[in-house]
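Worksheet for the structure shown next.
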Amino acid sequence: MNTARTIGVRIAGTGSALPSCTLTNADFERMVNTSDEWIKQRTGISERRICGTGENVATLAHDALSRALEAAGIDGAALDLVIVASVGSEMRCPSAAGRLAASVGNTHAAAFDLVAACSGFVYAMIVGDTLIRSGRYKRVAIVGAEQMTKFSDYTDRSVSILFGDGAGAAVLVADDDPSLGCVWETMGGDGTNWQHLYIPERREDVPESDAKCTMALGCLRMNGPEVYKFAVTKFCDVMGRALSENGLSPADVSQFVCHQSNIRIIASARDKFGLPADKVYVNIDRYGNTSAASVGICVDELWRAGKITKGKPFLMVAFGGGLTWAASVWNA
Ligand code: UT7
């Protein structure tokens, strides 16, 4: 539990953005030796959205944040901190966050990028909440934005079918009610297992254990079965802790917002805790795995549908490359 809660954190608005092009399972059937049936059964994905000409992490982040600011009724110039979670910003320097702040008319906010792969949005929400509670910041933009398809090797059927592009955003503001915001969180990482999910930039980045890898540099390399085992275990572990350490039963929670990585991973957590299907949001069928954007897009769709409501906490949970994981319980 957080201590010294004198400042609350309110989610003032949310937004999301999906790129214009769609890549269906039928498209993959034409590209590699796979089938719509295999992809749906093993992952739950029917299609994913991918960037077209002129679309990238910066444009998706801008569109998602603009929608969140509009929903919040806040001018971009009023933000005092912008955090972008992404593994794929266009440049190493400047940060995506700095250019994003400028794109919404802000010339003074602190801005930085955060790399925690698919856990990025949940990490960034926790960091934003903590910095507002410190009293130093009052209006914070949190954005998860990814163009995962630029890291996809479309000859590798086991990885490329999973990923899509998109962005999700939330505007957090300081509030007089200290009960609002993140009431419980856990963030973690295990760098000893980084080689199960990585994007090598130089040949020497490829570990000896993966020496047979013939994939092009700059493409996402993943040991699917190992990540799957880690994900199922970690998902259930942190969800169980979120419930037990807060004295919550599934009935007390409005929504379980899970990283959309594979429907079978989400279903394993749903089954273990006996969660009703209408409390475990799923959009992986439409968007695939959008890495750091995934939880943010879910939060926005739930928020706009009125499913994240006052009085009942919601839970966010994610895991990803690093390996990393994060979960947090929020009072909206
Ligand atoms: O958010 C980032 C975290 N990432 C994840 O959460 C991903 C976690 N892992 C997974 O979701 C699954 O491991 C995958 C969906 C990536 C793969 O599913 P799987 O059931 O673990 O398959 P597998 O890699 O064990 O492969 C089983 C079989 C193999 O064939 P053989 O050797 O048994 O003949 C693969 O070659 O399935 C084959 N296969 C495919 N077949 C048709 C792998 N990909 C495909 C495909 N279409 N696209």
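In the structure tokens, chains take letters A, B, ... by order of appearance, with residues numbered from 1 within each chain and ligands from 1 in the order shown.
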
Identify, counting only C-alpha atoms and all ligand atoms, the protein, DNA and RNA residues located within 6 Å of ligand 1, and give them as a ChimeraX atom specification. /A:34-35,38-39,42-43,118,157-159,224-225,227-228,261-262,291,320

Export of prior selection with N, CA, C and O atoms as a compact mmCIF listing (two decimals), in the first residue's frame:
```txt
# COMPACT_ATOMS: atom_id res chain seq x y z
N THR A 34 0.78 -20.69 -43.02
CA THR A 34 -0.04 -20.61 -41.81
C THR A 34 -1.52 -20.67 -42.21
O THR A 34 -1.83 -20.75 -43.40
N SER A 35 -2.38 -20.64 -41.21
CA SER A 35 -3.82 -20.65 -41.54
C SER A 35 -4.56 -19.76 -40.55
O SER A 35 -4.13 -19.58 -39.40
N TRP A 38 -5.22 -21.73 -37.39
CA TRP A 38 -4.11 -21.87 -36.44
C TRP A 38 -3.94 -20.56 -35.65
O TRP A 38 -3.82 -20.56 -34.44
N ILE A 39 -3.94 -19.44 -36.38
CA ILE A 39 -3.67 -18.16 -35.70
C ILE A 39 -4.78 -17.87 -34.68
O ILE A 39 -4.50 -17.49 -33.53
N ARG A 42 -4.49 -20.46 -31.68
CA ARG A 42 -3.30 -20.37 -30.83
C ARG A 42 -3.10 -18.99 -30.22
O ARG A 42 -2.35 -18.82 -29.26
N THR A 43 -3.74 -17.93 -30.81
CA THR A 43 -3.49 -16.57 -30.31
C THR A 43 -4.74 -15.74 -30.06
O THR A 43 -4.69 -14.76 -29.32
N CYS A 118 6.27 -4.47 -23.37
CA CYS A 118 4.79 -4.53 -23.24
C CYS A 118 4.29 -4.08 -21.88
O CYS A 118 3.11 -3.79 -21.71
N ARG A 157 6.87 -16.96 -39.36
CA ARG A 157 5.42 -17.07 -39.10
C ARG A 157 5.08 -17.09 -37.61
O ARG A 157 3.97 -16.75 -37.22
N SER A 158 6.03 -17.51 -36.76
CA SER A 158 5.67 -17.68 -35.35
C SER A 158 5.64 -16.34 -34.60
O SER A 158 5.00 -16.23 -33.56
N VAL A 159 6.32 -15.32 -35.11
CA VAL A 159 6.36 -14.03 -34.41
C VAL A 159 5.53 -12.97 -35.13
O VAL A 159 4.75 -12.24 -34.51
N GLY A 224 8.87 -18.01 -28.30
CA GLY A 224 7.45 -17.99 -27.93
C GLY A 224 7.09 -18.88 -26.76
O GLY A 224 6.50 -18.42 -25.77
N PRO A 225 7.47 -20.17 -26.81
CA PRO A 225 7.07 -21.06 -25.72
C PRO A 225 7.65 -20.63 -24.36
O PRO A 225 6.96 -20.73 -23.33
N VAL A 227 8.46 -17.48 -23.42
CA VAL A 227 7.75 -16.27 -23.00
C VAL A 227 6.34 -16.65 -22.53
O VAL A 227 5.83 -16.10 -21.55
N TYR A 228 5.77 -17.60 -23.22
CA TYR A 228 4.42 -18.06 -22.86
C TYR A 228 4.40 -18.60 -21.43
O TYR A 228 3.54 -18.23 -20.61
N SER A 261 -1.65 -10.17 -25.31
CA SER A 261 -0.51 -10.82 -25.96
C SER A 261 -0.91 -12.13 -26.61
O SER A 261 -0.36 -12.51 -27.64
N ASN A 262 -1.84 -12.82 -25.99
CA ASN A 262 -2.31 -14.10 -26.52
C ASN A 262 -3.59 -14.42 -25.73
O ASN A 262 -3.57 -14.39 -24.50
N SER A 291 2.10 -4.26 -27.89
CA SER A 291 3.17 -3.98 -26.92
C SER A 291 2.75 -2.90 -25.92
O SER A 291 1.70 -3.01 -25.30
N GLY A 320 6.33 -8.38 -20.39
CA GLY A 320 6.93 -8.25 -21.71
C GLY A 320 8.43 -8.40 -21.70
O GLY A 320 9.01 -8.91 -20.73
```

Running DSSP on the backbone, which parts of range 48-223 of chain A land in helix (DSSP H, G or I), as an mmCIF file with N, CA, C and O atoms, in the first residue's frame?
```cif
data_model
loop_
_atom_site.group_PDB
_atom_site.id
_atom_site.type_symbol
_atom_site.label_atom_id
_atom_site.label_comp_id
_atom_site.auth_asym_id
_atom_site.auth_seq_id
_atom_site.Cartn_x
_atom_site.Cartn_y
_atom_site.Cartn_z
ATOM 1 N N VAL A 57 5.219 5.974 -34.825
ATOM 2 C CA VAL A 57 5.010 6.124 -33.374
ATOM 3 C C VAL A 57 4.610 7.563 -33.045
ATOM 4 O O VAL A 57 3.684 7.812 -32.253
ATOM 5 N N ALA A 58 5.272 8.522 -33.672
ATOM 6 C CA ALA A 58 5.002 9.937 -33.360
ATOM 7 C C ALA A 58 3.566 10.325 -33.729
ATOM 8 O O ALA A 58 2.880 11.004 -32.945
ATOM 9 N N THR A 59 3.100 9.907 -34.897
ATOM 10 C CA THR A 59 1.740 10.317 -35.305
ATOM 11 C C THR A 59 0.681 9.599 -34.465
ATOM 12 O O THR A 59 -0.330 10.198 -34.090
ATOM 13 N N LEU A 60 0.925 8.315 -34.157
ATOM 14 C CA LEU A 60 -0.042 7.585 -33.328
ATOM 15 C C LEU A 60 -0.107 8.191 -31.926
ATOM 16 O O LEU A 60 -1.190 8.374 -31.357
ATOM 17 N N ALA A 61 1.076 8.494 -31.361
ATOM 18 C CA ALA A 61 1.121 9.084 -30.018
ATOM 19 C C ALA A 61 0.408 10.435 -30.008
ATOM 20 O O ALA A 61 -0.356 10.749 -29.083
ATOM 21 N N HIS A 62 0.638 11.221 -31.046
ATOM 22 C CA HIS A 62 -0.009 12.539 -31.127
ATOM 23 C C HIS A 62 -1.530 12.397 -31.177
ATOM 24 O O HIS A 62 -2.256 13.094 -30.448
ATOM 25 N N ASP A 63 -2.012 11.494 -32.020
ATOM 26 C CA ASP A 63 -3.463 11.349 -32.165
ATOM 27 C C ASP A 63 -4.101 10.837 -30.866
ATOM 28 O O ASP A 63 -5.157 11.315 -30.446
ATOM 29 N N ALA A 64 -3.443 9.862 -30.225
ATOM 30 C CA ALA A 64 -3.999 9.316 -28.970
ATOM 31 C C ALA A 64 -4.013 10.384 -27.885
ATOM 32 O O ALA A 64 -5.011 10.556 -27.165
ATOM 33 N N LEU A 65 -2.913 11.122 -27.760
ATOM 34 C CA LEU A 65 -2.862 12.150 -26.710
ATOM 35 C C LEU A 65 -3.847 13.281 -27.001
ATOM 36 O O LEU A 65 -4.504 13.792 -26.076
ATOM 37 N N SER A 66 -3.970 13.669 -28.264
ATOM 38 C CA SER A 66 -4.913 14.755 -28.593
ATOM 39 C C SER A 66 -6.327 14.370 -28.161
ATOM 40 O O SER A 66 -7.078 15.180 -27.620
ATOM 41 N N ARG A 67 -6.690 13.092 -28.398
ATOM 42 C CA ARG A 67 -8.034 12.633 -27.999
ATOM 43 C C ARG A 67 -8.174 12.618 -26.473
ATOM 44 O O ARG A 67 -9.233 12.958 -25.935
ATOM 45 N N ALA A 68 -7.119 12.216 -25.786
ATOM 46 C CA ALA A 68 -7.179 12.185 -24.313
ATOM 47 C C ALA A 68 -7.301 13.605 -23.756
ATOM 48 O O ALA A 68 -8.053 13.852 -22.802
ATOM 49 N N LEU A 69 -6.563 14.545 -24.353
ATOM 50 C CA LEU A 69 -6.633 15.943 -23.889
ATOM 51 C C LEU A 69 -8.032 16.507 -24.136
ATOM 52 O O LEU A 69 -8.599 17.203 -23.278
ATOM 53 N N GLU A 70 -8.583 16.185 -25.293
ATOM 54 C CA GLU A 70 -9.931 16.678 -25.611
ATOM 55 C C GLU A 70 -10.941 16.107 -24.609
ATOM 56 O O GLU A 70 -11.791 16.826 -24.078
ATOM 57 N N ALA A 71 -10.817 14.806 -24.325
ATOM 58 C CA ALA A 71 -11.742 14.182 -23.359
ATOM 59 C C ALA A 71 -11.588 14.802 -21.974
ATOM 60 O O ALA A 71 -12.558 14.934 -21.220
ATOM 61 N N ALA A 72 -10.352 15.195 -21.641
ATOM 62 C CA ALA A 72 -10.080 15.775 -20.320
ATOM 63 C C ALA A 72 -10.450 17.261 -20.269
ATOM 64 O O ALA A 72 -10.541 17.843 -19.176
ATOM 65 N N GLY A 76 -3.016 21.132 -24.267
ATOM 66 C CA GLY A 76 -1.688 20.501 -24.231
ATOM 67 C C GLY A 76 -0.654 21.375 -23.551
ATOM 68 O O GLY A 76 0.282 20.875 -22.903
ATOM 69 N N ALA A 77 -0.797 22.683 -23.676
ATOM 70 C CA ALA A 77 0.178 23.616 -23.084
ATOM 71 C C ALA A 77 0.155 23.553 -21.564
ATOM 72 O O ALA A 77 1.107 23.984 -20.899
ATOM 73 N N ALA A 78 -0.921 23.007 -20.985
ATOM 74 C CA ALA A 78 -1.043 22.966 -19.520
ATOM 75 C C ALA A 78 -0.365 21.740 -18.898
ATOM 76 O O ALA A 78 -0.239 21.648 -17.674
ATOM 77 N N ALA A 96 10.726 10.594 -27.951
ATOM 78 C CA ALA A 96 9.393 10.723 -28.554
ATOM 79 C C ALA A 96 8.546 11.660 -27.708
ATOM 80 O O ALA A 96 7.724 12.432 -28.220
ATOM 81 N N ALA A 97 8.743 11.609 -26.384
ATOM 82 C CA ALA A 97 7.934 12.424 -25.472
ATOM 83 C C ALA A 97 8.154 13.915 -25.707
ATOM 84 O O ALA A 97 7.199 14.708 -25.666
ATOM 85 N N GLY A 98 9.406 14.302 -25.948
ATOM 86 C CA GLY A 98 9.710 15.724 -26.159
ATOM 87 C C GLY A 98 9.005 16.262 -27.398
ATOM 88 O O GLY A 98 8.381 17.332 -27.381
ATOM 89 N N ARG A 99 9.097 15.495 -28.483
ATOM 90 C CA ARG A 99 8.450 15.943 -29.724
ATOM 91 C C ARG A 99 6.933 15.873 -29.602
ATOM 92 O O ARG A 99 6.207 16.688 -30.170
ATOM 93 N N LEU A 100 6.454 14.887 -28.841
ATOM 94 C CA LEU A 100 5.002 14.773 -28.636
ATOM 95 C C LEU A 100 4.471 16.000 -27.894
ATOM 96 O O LEU A 100 3.442 16.577 -28.260
ATOM 97 N N ALA A 101 5.203 16.399 -26.838
ATOM 98 C CA ALA A 101 4.789 17.586 -26.071
ATOM 99 C C ALA A 101 4.696 18.797 -27.005
ATOM 100 O O ALA A 101 3.700 19.538 -27.001
ATOM 101 N N ALA A 102 5.724 18.962 -27.834
ATOM 102 C CA ALA A 102 5.718 20.102 -28.761
ATOM 103 C C ALA A 102 4.535 20.010 -29.719
ATOM 104 O O ALA A 102 3.915 21.023 -30.059
ATOM 105 N N SER A 103 4.203 18.784 -30.143
ATOM 106 C CA SER A 103 3.126 18.627 -31.137
ATOM 107 C C SER A 103 1.750 18.977 -30.574
ATOM 108 O O SER A 103 0.805 19.180 -31.338
ATOM 109 N N ALA A 117 9.066 -2.443 -22.673
ATOM 110 C CA ALA A 117 8.368 -3.286 -23.655
ATOM 111 C C ALA A 117 6.860 -3.289 -23.370
ATOM 112 O O ALA A 117 6.286 -2.231 -23.115
ATOM 113 N N CYS A 118 6.266 -4.466 -23.366
ATOM 114 C CA CYS A 118 4.795 -4.526 -23.244
ATOM 115 C C CYS A 118 4.294 -4.081 -21.876
ATOM 116 O O CYS A 118 3.109 -3.791 -21.710
ATOM 117 N N SER A 119 5.172 -4.022 -20.874
ATOM 118 C CA SER A 119 4.770 -3.534 -19.551
ATOM 119 C C SER A 119 4.785 -2.006 -19.494
ATOM 120 O O SER A 119 4.444 -1.412 -18.461
ATOM 121 N N GLY A 120 5.202 -1.355 -20.581
ATOM 122 C CA GLY A 120 5.505 0.074 -20.555
ATOM 123 C C GLY A 120 4.373 0.979 -20.090
ATOM 124 O O GLY A 120 4.593 1.902 -19.308
ATOM 125 N N PHE A 121 3.152 0.736 -20.581
ATOM 126 C CA PHE A 121 2.058 1.640 -20.209
ATOM 127 C C PHE A 121 1.768 1.538 -18.711
ATOM 128 O O PHE A 121 1.565 2.550 -18.035
ATOM 129 N N VAL A 122 1.771 0.319 -18.180
ATOM 130 C CA VAL A 122 1.468 0.150 -16.752
ATOM 131 C C VAL A 122 2.603 0.755 -15.911
ATOM 132 O O VAL A 122 2.348 1.453 -14.914
ATOM 133 N N TYR A 123 3.854 0.537 -16.320
ATOM 134 C CA TYR A 123 4.982 1.190 -15.641
ATOM 135 C C TYR A 123 4.782 2.718 -15.638
ATOM 136 O O TYR A 123 4.948 3.383 -14.614
ATOM 137 N N ALA A 124 4.460 3.264 -16.820
ATOM 138 C CA ALA A 124 4.377 4.728 -16.958
ATOM 139 C C ALA A 124 3.230 5.298 -16.120
ATOM 140 O O ALA A 124 3.350 6.393 -15.546
ATOM 141 N N MET A 125 2.119 4.577 -16.040
ATOM 142 C CA MET A 125 1.000 5.039 -15.205
ATOM 143 C C MET A 125 1.429 5.095 -13.731
ATOM 144 O O MET A 125 1.078 6.031 -13.000
ATOM 145 N N ILE A 126 2.198 4.097 -13.306
ATOM 146 C CA ILE A 126 2.655 4.064 -11.910
ATOM 147 C C ILE A 126 3.638 5.221 -11.656
ATOM 148 O O ILE A 126 3.552 5.922 -10.638
ATOM 149 N N VAL A 127 4.549 5.447 -12.597
ATOM 150 C CA VAL A 127 5.516 6.540 -12.452
ATOM 151 C C VAL A 127 4.783 7.891 -12.430
ATOM 152 O O VAL A 127 5.061 8.759 -11.583
ATOM 153 N N GLY A 128 3.822 8.070 -13.329
ATOM 154 C CA GLY A 128 3.067 9.324 -13.384
ATOM 155 C C GLY A 128 2.308 9.571 -12.095
ATOM 156 O O GLY A 128 2.326 10.688 -11.535
ATOM 157 N N ASP A 129 1.655 8.533 -11.602
ATOM 158 C CA ASP A 129 0.906 8.641 -10.338
ATOM 159 C C ASP A 129 1.845 9.044 -9.198
ATOM 160 O O ASP A 129 1.543 9.945 -8.398
ATOM 161 N N THR A 130 2.995 8.380 -9.136
ATOM 162 C CA THR A 130 3.950 8.643 -8.050
ATOM 163 C C THR A 130 4.462 10.090 -8.104
ATOM 164 O O THR A 130 4.572 10.759 -7.065
ATOM 165 N N LEU A 131 4.751 10.571 -9.310
ATOM 166 C CA LEU A 131 5.284 11.943 -9.421
ATOM 167 C C LEU A 131 4.221 12.991 -9.107
ATOM 168 O O LEU A 131 4.526 14.046 -8.545
ATOM 169 N N ILE A 132 2.965 12.707 -9.427
ATOM 170 C CA ILE A 132 1.904 13.648 -9.023
ATOM 171 C C ILE A 132 1.769 13.643 -7.506
ATOM 172 O O ILE A 132 1.693 14.710 -6.867
ATOM 173 N N ARG A 133 1.790 12.447 -6.908
ATOM 174 C CA ARG A 133 1.667 12.378 -5.437
ATOM 175 C C ARG A 133 2.832 13.053 -4.722
ATOM 176 O O ARG A 133 2.716 13.449 -3.577
ATOM 177 N N MET A 148 5.154 -1.853 -33.867
ATOM 178 C CA MET A 148 5.842 -3.149 -33.757
ATOM 179 C C MET A 148 6.082 -3.787 -35.123
ATOM 180 O O MET A 148 7.004 -4.577 -35.294
ATOM 181 N N THR A 149 5.232 -3.420 -36.100
ATOM 182 C CA THR A 149 5.367 -4.099 -37.395
ATOM 183 C C THR A 149 6.663 -3.715 -38.105
ATOM 184 O O THR A 149 7.098 -4.428 -39.000
ATOM 185 N N LYS A 150 7.297 -2.614 -37.684
ATOM 186 C CA LYS A 150 8.575 -2.308 -38.342
ATOM 187 C C LYS A 150 9.682 -3.242 -37.846
ATOM 188 O O LYS A 150 10.759 -3.297 -38.425
ATOM 189 N N PHE A 151 9.417 -3.971 -36.756
ATOM 190 C CA PHE A 151 10.394 -4.947 -36.251
ATOM 191 C C PHE A 151 10.033 -6.370 -36.666
ATOM 192 O O PHE A 151 10.630 -7.327 -36.190
ATOM 193 N N ARG A 157 6.867 -16.958 -39.363
ATOM 194 C CA ARG A 157 5.424 -17.070 -39.097
ATOM 195 C C ARG A 157 5.075 -17.092 -37.611
ATOM 196 O O ARG A 157 3.972 -16.747 -37.215
ATOM 197 N N SER A 158 6.031 -17.513 -36.764
ATOM 198 C CA SER A 158 5.669 -17.676 -35.352
ATOM 199 C C SER A 158 5.638 -16.340 -34.605
ATOM 200 O O SER A 158 5.003 -16.233 -33.563
ATOM 201 N N VAL A 159 6.320 -15.318 -35.111
ATOM 202 C CA VAL A 159 6.363 -14.033 -34.408
ATOM 203 C C VAL A 159 5.532 -12.968 -35.133
ATOM 204 O O VAL A 159 4.751 -12.240 -34.514
ATOM 205 N N SER A 160 5.666 -12.905 -36.464
ATOM 206 C CA SER A 160 5.061 -11.785 -37.202
ATOM 207 C C SER A 160 3.539 -11.752 -37.104
ATOM 208 O O SER A 160 2.940 -10.681 -37.166
ATOM 209 N N GLY A 191 16.316 -9.548 -15.804
ATOM 210 C CA GLY A 191 17.197 -9.379 -16.959
ATOM 211 C C GLY A 191 17.962 -10.629 -17.339
ATOM 212 O O GLY A 191 18.565 -10.679 -18.422
ATOM 213 N N THR A 192 17.957 -11.648 -16.483
ATOM 214 C CA THR A 192 18.707 -12.862 -16.851
ATOM 215 C C THR A 192 18.042 -13.578 -18.023
ATOM 216 O O THR A 192 18.670 -14.392 -18.687
ATOM 217 N N ASN A 193 16.791 -13.276 -18.253
ATOM 218 C CA ASN A 193 16.071 -13.956 -19.338
ATOM 219 C C ASN A 193 15.751 -13.044 -20.519
ATOM 220 O O ASN A 193 14.811 -13.296 -21.266
ATOM 221 N N TRP A 194 16.554 -11.997 -20.714
ATOM 222 C CA TRP A 194 16.277 -11.032 -21.778
ATOM 223 C C TRP A 194 16.273 -11.680 -23.154
ATOM 224 O O TRP A 194 15.552 -11.262 -24.062
ATOM 225 N N GLN A 195 17.087 -12.746 -23.310
ATOM 226 C CA GLN A 195 17.257 -13.323 -24.655
ATOM 227 C C GLN A 195 16.009 -14.034 -25.178
ATOM 228 O O GLN A 195 15.972 -14.434 -26.329
ATOM 229 N N HIS A 196 14.979 -14.141 -24.337
ATOM 230 C CA HIS A 196 13.740 -14.758 -24.833
ATOM 231 C C HIS A 196 12.919 -13.792 -25.699
ATOM 232 O O HIS A 196 11.957 -14.194 -26.348
ATOM 233 N N ARG A 203 25.243 -7.739 -34.795
ATOM 234 C CA ARG A 203 25.401 -9.198 -34.743
ATOM 235 C C ARG A 203 25.819 -9.625 -33.337
ATOM 236 O O ARG A 203 25.375 -10.655 -32.825
ATOM 237 N N GLU A 204 26.667 -8.815 -32.661
ATOM 238 C CA GLU A 204 27.148 -9.218 -31.321
ATOM 239 C C GLU A 204 26.043 -9.126 -30.246
ATOM 240 O O GLU A 204 26.240 -9.580 -29.116
ATOM 241 N N ASP A 205 24.892 -8.552 -30.596
ATOM 242 C CA ASP A 205 23.767 -8.546 -29.647
ATOM 243 C C ASP A 205 23.116 -9.926 -29.549
ATOM 244 O O ASP A 205 22.404 -10.217 -28.584
ATOM 245 N N GLU A 208 24.908 -16.304 -27.554
ATOM 246 C CA GLU A 208 25.412 -17.592 -28.044
ATOM 247 C C GLU A 208 24.296 -18.639 -28.119
ATOM 248 O O GLU A 208 24.239 -19.438 -29.043
ATOM 249 N N SER A 209 23.405 -18.579 -27.136
ATOM 250 C CA SER A 209 22.314 -19.557 -27.082
ATOM 251 C C SER A 209 21.412 -19.467 -28.320
ATOM 252 O O SER A 209 20.656 -20.377 -28.614
ATOM 253 N N ASP A 210 21.501 -18.349 -29.033
ATOM 254 C CA ASP A 210 20.635 -18.121 -30.191
ATOM 255 C C ASP A 210 21.479 -17.992 -31.465
ATOM 256 O O ASP A 210 21.064 -17.378 -32.439
#
```

Using only C-alpha atoms, which residues sit within 12 Å of Glu37 in chain A once same-chain residues fewer than 5 positions away are excluded, as number ranges by chain? A: 25-26, 28-29, 42-46

Long-range neighbours of Glu185 in chain A as a list in words, 8 Å cut-off, only C-alpha atoms, 6 positions minimum in chain: Met1, Ile126, Ala242, Ala326, Ala327, Ser328 and Val329 of chain A

Write the residues you've just listed into a file as a compact mmCIF listing (two decimals), in the first residue's frame, and include N, CA and C atoms for each of them.
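What follows is the written file out09.txt:
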```txt
# COMPACT_ATOMS: atom_id res chain seq x y z
N MET A 1 0.84 -1.21 0.00
CA MET A 1 0.00 0.00 0.00
C MET A 1 0.88 1.27 0.00
N ILE A 126 2.20 4.10 -13.31
CA ILE A 126 2.66 4.06 -11.91
C ILE A 126 3.64 5.22 -11.66
N ALA A 242 -2.41 -8.86 -6.38
CA ALA A 242 -3.23 -7.64 -6.43
C ALA A 242 -4.54 -7.85 -5.68
N ALA A 326 4.30 -5.84 -14.57
CA ALA A 326 3.75 -4.78 -13.73
C ALA A 326 2.27 -5.00 -13.54
N ALA A 327 1.78 -4.64 -12.37
CA ALA A 327 0.34 -4.67 -12.13
C ALA A 327 0.01 -3.50 -11.22
N SER A 328 -1.17 -2.94 -11.37
CA SER A 328 -1.57 -1.90 -10.43
C SER A 328 -3.09 -1.83 -10.32
N VAL A 329 -3.52 -1.44 -9.12
CA VAL A 329 -4.94 -1.31 -8.81
C VAL A 329 -5.24 0.18 -8.71
```

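Nearest residue to Trp184 in chain A among A:Ser16, A:Asn246, A:Thr309, A:Asn106 is A:Asn246, counting only C-alpha atoms.
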
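Around Ala305 in chain A, within 12 Å and counting only C-alpha atoms, the residues found are Thr14, Gln255, Tyr281, Cys298, Val299 and Asp300 of chain A, once anything fewer than 5 positions away on its own chain is removed.
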
Restricting it to all heavy atoms, dump the selection as a PDB file, in the first residue's frame.
```
ATOM      1  N   THR A  14      -9.003   9.889 -21.549  1.00  0.00           N
ATOM      2  CA  THR A  14      -8.203   8.869 -22.225  1.00  0.00           C
ATOM      3  C   THR A  14      -8.378   9.005 -23.730  1.00  0.00           C
ATOM      4  O   THR A  14      -9.327   9.628 -24.201  1.00  0.00           O
ATOM      5  CB  THR A  14      -8.641   7.439 -21.808  1.00  0.00           C
ATOM      6  OG1 THR A  14      -9.982   7.223 -22.271  1.00  0.00           O
ATOM      7  CG2 THR A  14      -8.566   7.235 -20.305  1.00  0.00           C
ATOM      8  N   GLN A 255     -12.960  -3.877 -13.658  1.00  0.00           N
ATOM      9  CA  GLN A 255     -12.389  -4.458 -14.875  1.00  0.00           C
ATOM     10  C   GLN A 255     -10.969  -4.957 -14.614  1.00  0.00           C
ATOM     11  O   GLN A 255     -10.204  -4.310 -13.891  1.00  0.00           O
ATOM     12  CB  GLN A 255     -12.313  -3.411 -15.998  1.00  0.00           C
ATOM     13  CG  GLN A 255     -13.646  -3.079 -16.643  1.00  0.00           C
ATOM     14  CD  GLN A 255     -14.212  -4.221 -17.482  1.00  0.00           C
ATOM     15  OE1 GLN A 255     -13.470  -4.994 -18.097  1.00  0.00           O
ATOM     16  NE2 GLN A 255     -15.532  -4.330 -17.505  1.00  0.00           N
ATOM     17  N   TYR A 281     -11.417  -7.569 -20.393  1.00  0.00           N
ATOM     18  CA  TYR A 281     -11.581  -7.004 -21.725  1.00  0.00           C
ATOM     19  C   TYR A 281     -10.641  -7.675 -22.732  1.00  0.00           C
ATOM     20  O   TYR A 281      -9.479  -7.932 -22.427  1.00  0.00           O
ATOM     21  CB  TYR A 281     -11.306  -5.495 -21.669  1.00  0.00           C
ATOM     22  CG  TYR A 281     -11.744  -4.763 -22.905  1.00  0.00           C
ATOM     23  CD1 TYR A 281     -13.077  -4.748 -23.289  1.00  0.00           C
ATOM     24  CD2 TYR A 281     -10.817  -4.086 -23.693  1.00  0.00           C
ATOM     25  CE1 TYR A 281     -13.485  -4.074 -24.428  1.00  0.00           C
ATOM     26  CE2 TYR A 281     -11.222  -3.398 -24.834  1.00  0.00           C
ATOM     27  CZ  TYR A 281     -12.559  -3.399 -25.194  1.00  0.00           C
ATOM     28  OH  TYR A 281     -12.959  -2.731 -26.315  1.00  0.00           O
ATOM     29  N   CYS A 298      -6.882  -0.539 -24.368  1.00  0.00           N
ATOM     30  CA  CYS A 298      -7.983  -1.180 -23.619  1.00  0.00           C
ATOM     31  C   CYS A 298      -8.617  -0.191 -22.645  1.00  0.00           C
ATOM     32  O   CYS A 298      -9.847  -0.092 -22.556  1.00  0.00           O
ATOM     33  CB  CYS A 298      -7.470  -2.382 -22.821  1.00  0.00           C
ATOM     34  SG  CYS A 298      -6.976  -3.777 -23.820  1.00  0.00           S
ATOM     35  N   VAL A 299      -7.775   0.523 -21.895  1.00  0.00           N
ATOM     36  CA  VAL A 299      -8.292   1.474 -20.903  1.00  0.00           C
ATOM     37  C   VAL A 299      -9.160   2.514 -21.611  1.00  0.00           C
ATOM     38  O   VAL A 299     -10.256   2.849 -21.160  1.00  0.00           O
ATOM     39  CB  VAL A 299      -7.142   2.148 -20.116  1.00  0.00           C
ATOM     40  CG1 VAL A 299      -7.650   3.354 -19.322  1.00  0.00           C
ATOM     41  CG2 VAL A 299      -6.474   1.143 -19.179  1.00  0.00           C
ATOM     42  N   ASP A 300      -8.701   3.013 -22.756  1.00  0.00           N
ATOM     43  CA  ASP A 300      -9.486   4.027 -23.463  1.00  0.00           C
ATOM     44  C   ASP A 300     -10.827   3.461 -23.927  1.00  0.00           C
ATOM     45  O   ASP A 300     -11.874   4.105 -23.751  1.00  0.00           O
ATOM     46  CB  ASP A 300      -8.703   4.556 -24.666  1.00  0.00           C
ATOM     47  CG  ASP A 300      -9.509   5.599 -25.437  1.00  0.00           C
ATOM     48  OD1 ASP A 300     -10.050   6.512 -24.785  1.00  0.00           O
ATOM     49  OD2 ASP A 300      -9.633   5.483 -26.669  1.00  0.00           O
TER      50      ASP A 300
END
```

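Backbone DSSP of range 57-88 of chain A yields strand (DSSP E or B) at Leu81, Val82, Ile83, Val84 and Ala85 of chain A.
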
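If you look at CA of Ser249 in chain A and CA of Lys272 in chain A, they are 12.9 Å away from each other.
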
So that I can check the surroundings of range 108-113 of chain A, please list as an MDAnalysis selection string every protein, DNA and RNA residue that reaches within 6 Å of it, counting only C-alpha atoms and ignoring chain neighbours fewer than 3 positions away. chainID A and resid 80:85 95 97:98
